[in-house]
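Colleague: PDB, C-alpha atoms and all ligand atoms, file coords14.pdb:
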```
ATOM      1  CA  GLN Y   1       0.000   0.000   0.000
ATOM      2  CA  GLY Y   2       2.775   2.383   1.002
ATOM      3  CA  ASN Y   3       4.682   1.761  -2.222
ATOM      4  CA  ALA Y   4       1.658   2.133  -4.494
ATOM      5  CA  SER Y   5       0.829   5.368  -2.713
ATOM      6  CA  ALA Y   6       4.393   6.670  -3.047
ATOM      7  CA  SER Y   7       4.582   5.826  -6.729
ATOM      8  CA  ALA Y   8       1.280   7.592  -7.416
ATOM      9  CA  GLY Y   9       2.705  10.488  -5.386
ATOM     10  CA  LYS Y  10       5.826  10.625  -7.529
ATOM     11  CA  THR Y  11       3.704  11.220 -10.636
ATOM     12  CA  LYS Y  12       1.572  13.842  -8.920
ATOM     13  CA  ALA Y  13       4.666  15.633  -7.579
ATOM     14  CA  ALA Y  14       6.014  16.334 -11.062
ATOM     15  CA  SER Y  15       4.920  19.976 -10.895
ATOM     16  CA  CYS Y  16       6.763  20.450  -7.574
ATOM     17  CA  ALA Y  17      10.167  19.422  -8.932
ATOM     18  CA  GLY Y  18      11.055  22.836 -10.360
ATOM     19  CA  CYS Y  19      11.289  24.291  -6.864
ATOM     20  CA  HIS Y  20      11.722  21.310  -4.514
ATOM     21  CA  GLY Y  21      13.864  19.044  -6.734
ATOM     22  CA  GLU Y  22      12.710  15.840  -8.376
ATOM     23  CA  ASP Y  23      13.181  13.694  -5.255
ATOM     24  CA  GLY Y  24      12.466  16.522  -2.789
ATOM     25  CA  ASN Y  25      16.100  17.596  -2.459
ATOM     26  CA  SER Y  26      15.860  21.175  -3.658
ATOM     27  CA  THR Y  27      19.185  22.720  -4.583
ATOM     28  CA  MET Y  28      17.977  26.321  -4.156
ATOM     29  CA  PRO Y  29      18.353  27.452  -0.534
ATOM     30  CA  ALA Y  30      15.078  29.409  -0.390
ATOM     31  CA  PHE Y  31      13.043  26.284  -1.228
ATOM     32  CA  PRO Y  32      12.784  23.717   1.561
ATOM     33  CA  LYS Y  33      13.970  20.162   1.056
ATOM     34  CA  LEU Y  34      11.051  17.763   1.505
ATOM     35  CA  ALA Y  35      12.909  14.446   1.162
ATOM     36  CA  GLY Y  36      12.804  12.324   4.306
ATOM     37  CA  GLN Y  37      10.346  14.648   6.047
ATOM     38  CA  HIS Y  38       7.647  12.953   8.142
ATOM     39  CA  GLN Y  39       4.538  12.198   6.121
ATOM     40  CA  THR Y  40       2.144  13.544   8.769
ATOM     41  CA  TYR Y  41       4.030  16.853   8.933
ATOM     42  CA  LEU Y  42       3.981  17.221   5.119
ATOM     43  CA  VAL Y  43       0.245  16.491   5.049
ATOM     44  CA  LYS Y  44      -0.371  19.038   7.795
ATOM     45  CA  GLN Y  45       1.550  21.753   5.919
ATOM     46  CA  LEU Y  46      -0.159  21.058   2.580
ATOM     47  CA  GLN Y  47      -3.568  21.213   4.263
ATOM     48  CA  ALA Y  48      -2.519  24.474   5.935
ATOM     49  CA  PHE Y  49      -1.451  26.012   2.593
ATOM     50  CA  LYS Y  50      -4.743  24.868   1.092
ATOM     51  CA  SER Y  51      -6.923  26.329   3.859
ATOM     52  CA  GLY Y  52      -4.821  29.492   4.011
ATOM     53  CA  ALA Y  53      -3.848  28.776   7.636
ATOM     54  CA  ARG Y  54      -0.178  28.939   6.562
ATOM     55  CA  LEU Y  55       0.252  31.876   4.240
ATOM     56  CA  ALA Y  56       2.683  31.201   1.381
ATOM     57  CA  PRO Y  57       1.890  32.879  -1.943
ATOM     58  CA  MET Y  58       3.830  30.372  -4.048
ATOM     59  CA  MET Y  59       2.354  27.308  -2.356
ATOM     60  CA  ALA Y  60      -1.282  28.356  -1.959
ATOM     61  CA  PRO Y  61      -2.453  27.946  -5.585
ATOM     62  CA  LEU Y  62      -0.587  24.644  -5.926
ATOM     63  CA  ALA Y  63      -2.002  23.163  -2.725
ATOM     64  CA  ALA Y  64      -5.496  24.336  -3.707
ATOM     65  CA  GLY Y  65      -5.320  21.981  -6.673
ATOM     66  CA  LEU Y  66      -4.585  18.873  -4.581
ATOM     67  CA  ASP Y  67      -7.316  16.660  -3.114
ATOM     68  CA  ASP Y  68      -6.814  14.707   0.135
ATOM     69  CA  GLN Y  69      -5.658  11.604  -1.690
ATOM     70  CA  ALA Y  70      -3.064  13.476  -3.756
ATOM     71  CA  ILE Y  71      -1.781  15.164  -0.589
ATOM     72  CA  GLN Y  72      -1.343  11.776   1.140
ATOM     73  CA  GLU Y  73       0.362  10.249  -1.897
ATOM     74  CA  ILE Y  74       2.748  13.141  -2.513
ATOM     75  CA  ALA Y  75       3.641  13.232   1.199
ATOM     76  CA  SER Y  76       4.250   9.492   1.148
ATOM     77  CA  TYR Y  77       6.563   9.864  -1.862
ATOM     78  CA  TYR Y  78       8.736  12.582  -0.306
ATOM     79  CA  ALA Y  79       8.770  10.915   3.123
ATOM     80  CA  GLY Y  80      10.250   7.778   1.575
ATOM     81  CA  ASN Y  81      13.197   9.607  -0.022
ATOM     82  CA  LYS Y  82      16.503  10.365   1.665
ATOM     83  CA  ILE Y  83      17.543  13.939   2.384
ATOM     84  CA  SER Y  84      20.873  15.000   0.876
ATOM     85  CA  THR Y  85      23.584  16.538   3.020
ATOM     86  CA  ASN Y  86      24.647  20.124   2.340
ATOM     87  CA  PRO Y  87      28.025  21.318   1.099
ATOM     88  CA  ALA Y  88      30.163  22.996   3.786
ATOM     89  CA  PRO Y  89      28.536  26.305   4.743
ATOM     90  CA  LYS Y  90      30.052  29.688   3.927
ATOM     91  CA  LEU Y  91      29.677  32.819   6.030
ATOM     92  CA  PRO Y  92      27.376  35.339   4.348
ATOM     93  CA  ALA Y  93      28.993  38.607   3.276
ATOM     94  CA  SER Y  94      29.031  41.159   6.090
ATOM     95  CA  ASP Y  95      26.270  43.781   6.034
ATOM     96  CA  ASP Y  96      28.817  46.280   7.262
ATOM     97  CA  ASP Y  97      30.535  47.815   4.211
ATOM     98  CA  ASP Y  98      33.262  49.341   6.355
ATOM     99  CA  ALA Y  99      34.202  46.065   8.068
ATOM    100  CA  PRO Y 100      37.728  44.985   7.156
ATOM    101  CA  ALA Y 101      37.825  41.949   4.835
ATOM    102  CA  LYS Y 102      38.474  38.690   6.691
ATOM    103  CA  THR Y 103      41.393  36.415   5.855
ATOM    104  CA  PRO Y 104      40.414  32.798   5.048
ATOM    105  CA  GLU Y 105      41.619  31.807   8.544
ATOM    106  CA  GLN Y 106      39.412  34.459  10.174
ATOM    107  CA  GLU Y 107      36.442  33.340   8.047
ATOM    108  CA  LYS Y 108      36.956  29.747   9.155
ATOM    109  CA  ALA Y 109      37.227  30.742  12.823
ATOM    110  CA  ALA Y 110      34.104  32.920  12.625
ATOM    111  CA  LEU Y 111      32.117  30.124  10.974
ATOM    112  CA  GLU Y 112      33.251  27.597  13.585
ATOM    113  CA  ALA Y 113      32.300  29.974  16.394
ATOM    114  CA  LEU Y 114      28.854  30.523  14.870
ATOM    115  CA  ILE Y 115      28.216  26.783  14.505
ATOM    116  CA  THR Y 116      29.431  26.095  18.076
ATOM    117  CA  GLN Y 117      27.051  28.789  19.336
ATOM    118  CA  GLY Y 118      24.229  27.176  17.336
ATOM    119  CA  SER Y 119      25.020  23.720  18.670
ATOM    120  CA  ASP Y 120      24.971  25.017  22.253
ATOM    121  CA  LEU Y 121      21.588  26.674  21.724
ATOM    122  CA  TYR Y 122      20.185  23.593  19.983
ATOM    123  CA  ARG Y 123      21.204  21.263  22.822
ATOM    124  CA  ASN Y 124      20.892  23.472  25.901
ATOM    125  CA  GLY Y 125      18.576  26.295  24.962
ATOM    126  CA  ASN Y 126      19.250  29.567  26.755
ATOM    127  CA  ILE Y 127      18.114  29.664  30.378
ATOM    128  CA  SER Y 128      18.509  33.388  30.970
ATOM    129  CA  ARG Y 129      16.432  34.249  27.903
ATOM    130  CA  GLU Y 130      14.053  31.272  28.390
ATOM    131  CA  VAL Y 131      14.710  29.735  24.960
ATOM    132  CA  SER Y 132      13.746  26.039  25.104
ATOM    133  CA  ALA Y 133      16.270  23.465  23.926
ATOM    134  CA  CYS Y 134      15.420  22.389  20.375
ATOM    135  CA  VAL Y 135      16.707  18.876  21.092
ATOM    136  CA  ALA Y 136      13.711  18.216  23.343
ATOM    137  CA  CYS Y 137      11.306  18.168  20.402
ATOM    138  CA  HIS Y 138      13.474  17.910  17.287
ATOM    139  CA  GLY Y 139      15.762  15.170  18.652
ATOM    140  CA  PRO Y 140      19.524  14.633  19.044
ATOM    141  CA  TYR Y 141      20.086  14.328  15.291
ATOM    142  CA  ALA Y 142      17.343  16.841  14.392
ATOM    143  CA  GLU Y 143      15.428  13.859  13.046
ATOM    144  CA  GLY Y 144      12.203  15.208  14.547
ATOM    145  CA  ASN Y 145       9.588  13.043  16.211
ATOM    146  CA  LYS Y 146       7.454  11.007  13.890
ATOM    147  CA  PRO Y 147       4.486  10.126  16.151
ATOM    148  CA  ALA Y 148       4.295  13.705  17.417
ATOM    149  CA  SER Y 149       4.662  15.183  13.900
ATOM    150  CA  PHE Y 150       7.613  17.334  14.978
ATOM    151  CA  PRO Y 151       9.454  18.000  11.723
ATOM    152  CA  SER Y 152      12.870  16.686  10.863
ATOM    153  CA  LEU Y 153      15.283  19.611  10.426
ATOM    154  CA  HIS Y 154      18.725  18.111   9.739
ATOM    155  CA  SER Y 155      20.415  18.982   6.441
ATOM    156  CA  GLN Y 156      17.720  21.548   5.663
ATOM    157  CA  HIS Y 157      18.964  24.694   3.879
ATOM    158  CA  ALA Y 158      20.180  27.349   6.351
ATOM    159  CA  ASP Y 159      18.428  30.116   4.380
ATOM    160  CA  TYR Y 160      15.051  28.367   4.627
ATOM    161  CA  LEU Y 161      15.583  27.658   8.353
ATOM    162  CA  ILE Y 162      16.370  31.341   8.955
ATOM    163  CA  LYS Y 163      13.249  32.344   7.029
ATOM    164  CA  SER Y 164      10.966  29.944   8.898
ATOM    165  CA  LEU Y 165      12.303  30.916  12.332
ATOM    166  CA  THR Y 166      11.950  34.604  11.451
ATOM    167  CA  ASP Y 167       8.407  33.961  10.188
ATOM    168  CA  PHE Y 168       7.493  32.159  13.423
ATOM    169  CA  LYS Y 169       8.938  35.107  15.342
ATOM    170  CA  THR Y 170       7.022  37.809  13.488
ATOM    171  CA  GLY Y 171       3.868  35.702  13.198
ATOM    172  CA  ALA Y 172       4.128  35.674   9.386
ATOM    173  CA  ARG Y 173       3.963  31.879   9.598
ATOM    174  CA  SER Y 174       0.449  32.309  10.688
ATOM    175  CA  ASN Y 175      -0.783  28.856  11.654
ATOM    176  CA  ASN Y 176       1.748  28.979  14.455
ATOM    177  CA  ARG Y 177       0.985  32.353  15.962
ATOM    178  CA  GLU Y 178      -0.255  30.714  19.144
ATOM    179  CA  ASN Y 179       1.963  27.671  19.297
ATOM    180  CA  MET Y 180       5.305  26.632  20.658
ATOM    181  CA  MET Y 181       7.516  27.690  17.753
ATOM    182  CA  HIS Y 182       6.127  31.210  17.940
ATOM    183  CA  MET Y 183       6.738  31.323  21.703
ATOM    184  CA  ILE Y 184      10.291  30.057  21.262
ATOM    185  CA  ALA Y 185      11.211  32.197  18.259
ATOM    186  CA  THR Y 186      10.048  35.437  19.894
ATOM    187  CA  LYS Y 187      12.738  34.853  22.550
ATOM    188  CA  MET Y 188      15.466  34.333  19.966
ATOM    189  CA  THR Y 189      17.724  37.095  18.655
ATOM    190  CA  ASP Y 190      18.604  37.314  14.955
ATOM    191  CA  GLU Y 191      22.060  36.053  15.910
ATOM    192  CA  ASP Y 192      20.543  33.003  17.707
ATOM    193  CA  ILE Y 193      18.470  32.253  14.615
ATOM    194  CA  LYS Y 194      21.438  32.471  12.289
ATOM    195  CA  ALA Y 195      23.672  30.359  14.552
ATOM    196  CA  VAL Y 196      21.145  27.568  15.098
ATOM    197  CA  ALA Y 197      20.188  27.511  11.402
ATOM    198  CA  TYR Y 198      23.816  27.154  10.328
ATOM    199  CA  TYR Y 199      24.354  24.383  12.872
ATOM    200  CA  ILE Y 200      21.232  22.435  11.839
ATOM    201  CA  SER Y 201      22.156  22.719   8.144
ATOM    202  CA  THR Y 202      25.406  20.862   8.866
ATOM    203  CA  MET Y 203      23.726  17.973  10.748
TER     204      MET Y 203
HETATM  205  C1  LIG L 301       7.046  24.951   1.095
HETATM  206  C2  LIG L 301       5.118  20.988  -1.009
HETATM  207  C3  LIG L 301       5.468  23.142  -5.360
HETATM  208  C4  LIG L 301       7.816  26.866  -3.329
HETATM  209  C5  LIG L 301       6.496  23.693   0.904
HETATM  210  C6  LIG L 301       6.168  22.749   1.961
HETATM  211  C7  LIG L 301       5.624  21.651   1.374
HETATM  212  C8  LIG L 301       5.603  21.883  -0.061
HETATM  213  C9  LIG L 301       5.136  20.394   2.071
HETATM  214  C10 LIG L 301       6.401  22.973   3.456
HETATM  215  C11 LIG L 301       7.786  22.469   3.828
HETATM  216  C12 LIG L 301       8.130  22.607   5.293
HETATM  217  O1  LIG L 301       7.337  23.142   6.070
HETATM  218  O2  LIG L 301       9.226  22.153   5.645
HETATM  219  C13 LIG L 301       4.992  21.255  -2.367
HETATM  220  C14 LIG L 301       4.278  20.409  -3.308
HETATM  221  C15 LIG L 301       4.335  21.035  -4.534
HETATM  222  C16 LIG L 301       5.121  22.258  -4.355
HETATM  223  C17 LIG L 301       3.590  19.102  -2.934
HETATM  224  C18 LIG L 301       3.680  20.631  -5.843
HETATM  225  C19 LIG L 301       2.327  20.386  -5.843
HETATM  226  C20 LIG L 301       6.201  24.296  -5.201
HETATM  227  C21 LIG L 301       6.613  25.168  -6.283
HETATM  228  C22 LIG L 301       7.271  26.220  -5.692
HETATM  229  C23 LIG L 301       7.271  26.014  -4.258
HETATM  230  C24 LIG L 301       6.398  24.897  -7.765
HETATM  231  C25 LIG L 301       7.951  27.423  -6.362
HETATM  232  C26 LIG L 301       7.241  28.158  -7.278
HETATM  233  C27 LIG L 301       7.757  26.697  -1.952
HETATM  234  C28 LIG L 301       8.242  27.675  -0.985
HETATM  235  C29 LIG L 301       8.009  27.120   0.291
HETATM  236  C30 LIG L 301       7.410  25.817   0.083
HETATM  237  C31 LIG L 301       8.855  29.042  -1.288
HETATM  238  C32 LIG L 301       8.309  27.783   1.645
HETATM  239  C33 LIG L 301       7.092  28.563   2.089
HETATM  240  C34 LIG L 301       7.376  29.349   3.368
HETATM  241  O3  LIG L 301       8.407  29.997   3.451
HETATM  242  O4  LIG L 301       6.543  29.268   4.281
HETATM  243  N1  LIG L 301       6.141  23.140  -0.317
HETATM  244  N2  LIG L 301       5.485  22.354  -3.039
HETATM  245  N3  LIG L 301       6.625  24.826  -4.001
HETATM  246  N4  LIG L 301       7.270  25.597  -1.291
HETATM  247 FE1  LIG L 301       6.360  24.002  -2.161
HETATM  248  C1  LIG L 302       8.791  23.479  13.497
HETATM  249  C2  LIG L 302      13.260  25.004  14.682
HETATM  250  C3  LIG L 302      12.335  24.090  19.369
HETATM  251  C4  LIG L 302       8.164  21.964  18.089
HETATM  252  C5  LIG L 302      10.066  24.008  13.413
HETATM  253  C6  LIG L 302      10.675  24.533  12.214
HETATM  254  C7  LIG L 302      11.922  24.958  12.548
HETATM  255  C8  LIG L 302      12.115  24.706  13.966
HETATM  256  C9  LIG L 302      12.968  25.578  11.627
HETATM  257  C10 LIG L 302      10.035  24.598  10.822
HETATM  258  C11 LIG L 302      10.477  23.413  10.016
HETATM  259  C12 LIG L 302      10.063  23.477   8.574
HETATM  260  O1  LIG L 302       9.457  24.461   8.132
HETATM  261  O2  LIG L 302      10.383  22.510   7.842
HETATM  262  C13 LIG L 302      13.388  24.917  16.062
HETATM  263  C14 LIG L 302      14.524  25.427  16.822
HETATM  264  C15 LIG L 302      14.243  25.211  18.138
HETATM  265  C16 LIG L 302      12.958  24.532  18.209
HETATM  266  C17 LIG L 302      15.745  26.083  16.197
HETATM  267  C18 LIG L 302      15.040  25.637  19.361
HETATM  268  C19 LIG L 302      15.492  26.942  19.461
HETATM  269  C20 LIG L 302      11.154  23.382  19.427
HETATM  270  C21 LIG L 302      10.567  22.835  20.640
HETATM  271  C22 LIG L 302       9.388  22.251  20.277
HETATM  272  C23 LIG L 302       9.228  22.424  18.835
HETATM  273  C24 LIG L 302      11.209  22.913  22.027
HETATM  274  C25 LIG L 302       8.369  21.517  21.142
HETATM  275  C26 LIG L 302       7.997  22.026  22.346
HETATM  276  C27 LIG L 302       7.951  22.240  16.755
HETATM  277  C28 LIG L 302       6.731  21.894  16.024
HETATM  278  C29 LIG L 302       6.904  22.344  14.703
HETATM  279  C30 LIG L 302       8.239  22.923  14.644
HETATM  280  C31 LIG L 302       5.494  21.207  16.590
HETATM  281  C32 LIG L 302       5.893  22.233  13.546
HETATM  282  C33 LIG L 302       5.039  23.476  13.513
HETATM  283  C34 LIG L 302       4.073  23.407  12.352
HETATM  284  O3  LIG L 302       3.277  22.459  12.314
HETATM  285  O4  LIG L 302       4.126  24.277  11.485
HETATM  286  N1  LIG L 302      10.962  24.128  14.469
HETATM  287  N2  LIG L 302      12.470  24.374  16.930
HETATM  288  N3  LIG L 302      10.330  23.096  18.358
HETATM  289  N4  LIG L 302       8.837  22.844  15.895
HETATM  290 FE1  LIG L 302      10.638  23.632  16.415
END
```
Can I see the file as structure tokens?
Ligand code: HEM
Ligand code: HEM

Modeller:
Amino acid sequence: QGNASASAGKTKAASCAGCHGEDGNSTMPAFPKLAGQHQTYLVKQLQAFKSGARLAPMMAPLAAGLDDQAIQEIASYYAGNKISTNPAPKLPASDDDDAPAKTPEQEKAALEALITQGSDLYRNGNISREVSACVACHGPYAEGNKPASFPSLHSQHADYLIKSLTDFKTGARSNNRENMMHMIATKMTDEDIKAVAYYISTM
């Protein structure tokens, strides 16, 4: 049953490939990878795009065209694929035009410091600012929690992770205005978001 559903899903996902990649491993950092994501989470998001509960202008018209069966099948297809790992991250260019250019050694040190900061936040949270530890829900390998529908995060694009955390924070990711990710993200600084996103993208 699972395989028949996934193979029907593969056909129905043809129009998604341009943005999410043929097997759900998008190569463009603004488009989330879907490969290996939990089926229940994918279904929930597609239903949310369809109902308008999660506002996303690119996804809304596409989700509107999918019936419940197509949503299940497409989710089953992506869930059965394996997520690809990312190439080694690079520090984004500094916003500060006057900042002196970094040597390759300084770049490497700054990137390592950022990822260490992200790893600390992921595992321990931040007690003084009351940021919950991500590991509690998203797991030691950021594999998520299948029965609870907590999404897998590992190897996701850093740019997409930064966008989703920022959207939870501002409430732009609207189906979560009241929920835990909104509560957590509002306590995070932009630096926290960047650090944890970079760390997760390397997992
Ligand atoms: C997000 C599925 C086509 C652009 C998502 C998500 C799913 C999904 C499940 C949520 C991922 C997550 O929360 O981790 C699909 C399916 C498609 C499709 C089944 C085909 C029917 C496309 C196309 C585009 C696109 C063609 C580009 C024009 C995006 C973007 C997001 C997204 C930008 C992130 C939205 C946000 O920031 O909240 N898609 N997608 N998708 N998709 Fe698609
Ligand atoms: C979703 C990151 C802590 C529960 C997400 C997403 C990200 C994320 C990036 C969106 C994934 C996607 O769009 O594919 C983080 C980080 C955390 C953290 C960096 C720590 C700072 C937690 C905790 C919980 C939790 C502690 C549980 C209490 C959830 C749930 C969703 C989610 C339920 C899905 C929301 C939805 O259905 O749209 N998280 N998370 N997260 N997270 Fe977290």

Colleague: Name all residues at most 10 Å from region 179-183 of chain Y (count all atoms listed in the file; drop same-chain ones fewer than 2 positions away) and give them as a PyMOL selection string.

Modeller: chain Y and resi 130-132+134+164-177+185-188

Colleague: Contacts of region 70-81 of chain Y at 6 Å or less, counting only C-alpha atoms, minus same-chain residues fewer than 3 places along, as an NGL selection string?

Modeller: :Y and (5-6 or 9-10 or 13 or 24 or 34-39 or 42 or 66-67)

Colleague: So what do you get for atom O3 of ligand LIG 301 (chain L) versus CA of Thr116 (chain Y), distance-wise?

Modeller: 25.9 Å

Colleague: Tell me which protein, DNA and RNA residues are within 12 Å of Thr202 (chain Y), counting all atoms listed in the file, leaving out same-chain ones fewer than 2 positions away, and put them as a list in words.

Modeller: Ser84, Thr85, Asn86, Pro87, Ala88, Pro89, Lys90, Leu111, Glu112, Leu114, Ile115, Thr116, Gly118, Ser119, Tyr141, Ala142, Leu153, His154, Ser155, Gln156, His157, Ala158, Leu161, Ala195, Val196, Ala197, Tyr198, Tyr199 and Ile200 of chain Y

Colleague: Between atom C11 of ligand LIG 302 (chain L) and CA of Glu22 (chain Y), what distance in Å does the model show, to one decimal?

Modeller: 20.0 Å

Colleague: Could you produce a table of the residues of chain Y lying within 8 Å of ligand LIG 301 (chain L), with the nearest pair of atoms per residue and their separation in Å rounded to one decimal, using all atoms listed in the file, ordered by chain and increasing residue number, as JSON lines?

Modeller:
```
{"residue": "Y:Lys12", "atom": "CA", "partner": "L:LIG301", "partner_atom": "C19", "distance": 7.3}
{"residue": "Y:Ala13", "atom": "CA", "partner": "L:LIG301", "partner_atom": "C18", "distance": 5.4}
{"residue": "Y:Ala14", "atom": "CA", "partner": "L:LIG301", "partner_atom": "C18", "distance": 7.2}
{"residue": "Y:Ser15", "atom": "CA", "partner": "L:LIG301", "partner_atom": "C18", "distance": 5.2}
{"residue": "Y:Cys16", "atom": "CA", "partner": "L:LIG301", "partner_atom": "C18", "distance": 3.5}
{"residue": "Y:Ala17", "atom": "CA", "partner": "L:LIG301", "partner_atom": "C24", "distance": 6.7}
{"residue": "Y:Gly18", "atom": "CA", "partner": "L:LIG301", "partner_atom": "C24", "distance": 5.7}
{"residue": "Y:Cys19", "atom": "CA", "partner": "L:LIG301", "partner_atom": "C25", "distance": 4.6}
{"residue": "Y:His20", "atom": "CA", "partner": "L:LIG301", "partner_atom": "N3", "distance": 6.2}
{"residue": "Y:Ala30", "atom": "CA", "partner": "L:LIG301", "partner_atom": "C31", "distance": 6.3}
{"residue": "Y:Phe31", "atom": "CA", "partner": "L:LIG301", "partner_atom": "C28", "distance": 5.0}
{"residue": "Y:Pro32", "atom": "CA", "partner": "L:LIG301", "partner_atom": "C11", "distance": 5.6}
{"residue": "Y:Lys33", "atom": "CA", "partner": "L:LIG301", "partner_atom": "O2", "distance": 6.9}
{"residue": "Y:Leu34", "atom": "CA", "partner": "L:LIG301", "partner_atom": "C11", "distance": 6.2}
{"residue": "Y:Gln37", "atom": "CA", "partner": "L:LIG301", "partner_atom": "O2", "distance": 7.6}
{"residue": "Y:Tyr41", "atom": "CA", "partner": "L:LIG301", "partner_atom": "O1", "distance": 7.7}
{"residue": "Y:Leu42", "atom": "CA", "partner": "L:LIG301", "partner_atom": "C9", "distance": 4.5}
{"residue": "Y:Val43", "atom": "CA", "partner": "L:LIG301", "partner_atom": "C9", "distance": 6.9}
{"residue": "Y:Gln45", "atom": "CA", "partner": "L:LIG301", "partner_atom": "C9", "distance": 5.4}
{"residue": "Y:Leu46", "atom": "CA", "partner": "L:LIG301", "partner_atom": "C9", "distance": 5.4}
{"residue": "Y:Arg54", "atom": "CA", "partner": "L:LIG301", "partner_atom": "O4", "distance": 7.1}
{"residue": "Y:Leu55", "atom": "CA", "partner": "L:LIG301", "partner_atom": "O4", "distance": 6.8}
{"residue": "Y:Ala56", "atom": "CA", "partner": "L:LIG301", "partner_atom": "C33", "distance": 5.2}
{"residue": "Y:Pro57", "atom": "CA", "partner": "L:LIG301", "partner_atom": "C33", "distance": 7.9}
{"residue": "Y:Met58", "atom": "CA", "partner": "L:LIG301", "partner_atom": "C26", "distance": 5.2}
{"residue": "Y:Met59", "atom": "CA", "partner": "L:LIG301", "partner_atom": "FE1", "distance": 5.2}
{"residue": "Y:Leu62", "atom": "CA", "partner": "L:LIG301", "partner_atom": "C19", "distance": 5.2}
{"residue": "Y:Ala63", "atom": "CA", "partner": "L:LIG301", "partner_atom": "C19", "distance": 6.0}
{"residue": "Y:Gly65", "atom": "CA", "partner": "L:LIG301", "partner_atom": "C19", "distance": 7.9}
{"residue": "Y:Leu66", "atom": "CA", "partner": "L:LIG301", "partner_atom": "C19", "distance": 7.2}
{"residue": "Y:Ile71", "atom": "CA", "partner": "L:LIG301", "partner_atom": "C17", "distance": 7.1}
{"residue": "Y:Ile74", "atom": "CA", "partner": "L:LIG301", "partner_atom": "C17", "distance": 6.0}
{"residue": "Y:Ala75", "atom": "CA", "partner": "L:LIG301", "partner_atom": "C17", "distance": 7.2}
{"residue": "Y:Pro151", "atom": "CA", "partner": "L:LIG301", "partner_atom": "O2", "distance": 7.4}
{"residue": "Y:Tyr160", "atom": "CA", "partner": "L:LIG301", "partner_atom": "O3", "distance": 6.9}
{"residue": "Y:Lys163", "atom": "CA", "partner": "L:LIG301", "partner_atom": "O3", "distance": 6.5}
{"residue": "Y:Ser164", "atom": "CA", "partner": "L:LIG301", "partner_atom": "O3", "distance": 6.0}
{"residue": "Y:Asp167", "atom": "CA", "partner": "L:LIG301", "partner_atom": "O4", "distance": 7.8}
{"residue": "Y:Arg173", "atom": "CA", "partner": "L:LIG301", "partner_atom": "O4", "distance": 6.5}
```

Colleague: Do you have the CA of Ala53 (chain Y)-atom C2 of ligand LIG 302 (chain L) distance handy?

Modeller: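 Taking CA of Ala53 (chain Y) as the start and atom C2 of ligand LIG 302 (chain L) as the end point, the length is 18.9 Å.
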
Colleague: So which one's closest to ligand LIG 302 (chain L), Y:Ala60, Y:Val135, Y:Ala110, Y:Met203? Using all atoms listed in the file, please.

Modeller: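 Selected residue with least distance to ligand LIG 302 (chain L): Y:Val135.
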
Colleague: So which one's closest to Asp159 (chain Y), Y:Met28, Y:Ala133, Y:Ala93, Y:Ala64? Using all atoms listed in the file, please.

Modeller: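 When distances to Asp159 (chain Y) are compared using all atoms listed in the file, the smallest one comes from Y:Met28.
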
Colleague: Using all atoms listed in the file, which residue out of Y:Ile83, Y:Ala48, Y:Ala8, Y:Ala113 lies closest to Glu143 (chain Y)?

Modeller: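 Selected residue with least distance to Glu143 (chain Y): Y:Ile83.
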
Colleague: Looking at only C-alpha atoms, which of Y:Glu105, Y:Tyr122, Y:Cys137, Y:Ser128 is the one that sits closest to Ser149 (chain Y)?

Modeller: Y:Cys137

Colleague: Set up a box along x, y and z of the file covering all listed atoms of region 195-203 of chain Y, add 5 Å on every one of the six sides, and write the centre and edge lengths in Å to one decimal, as AutoDock Vina command-line options.

Modeller:
```
--center_x 22.8 --center_y 24.2 --center_z 11.6 --size_x 15.2 --size_y 22.4 --size_z 17.0
```
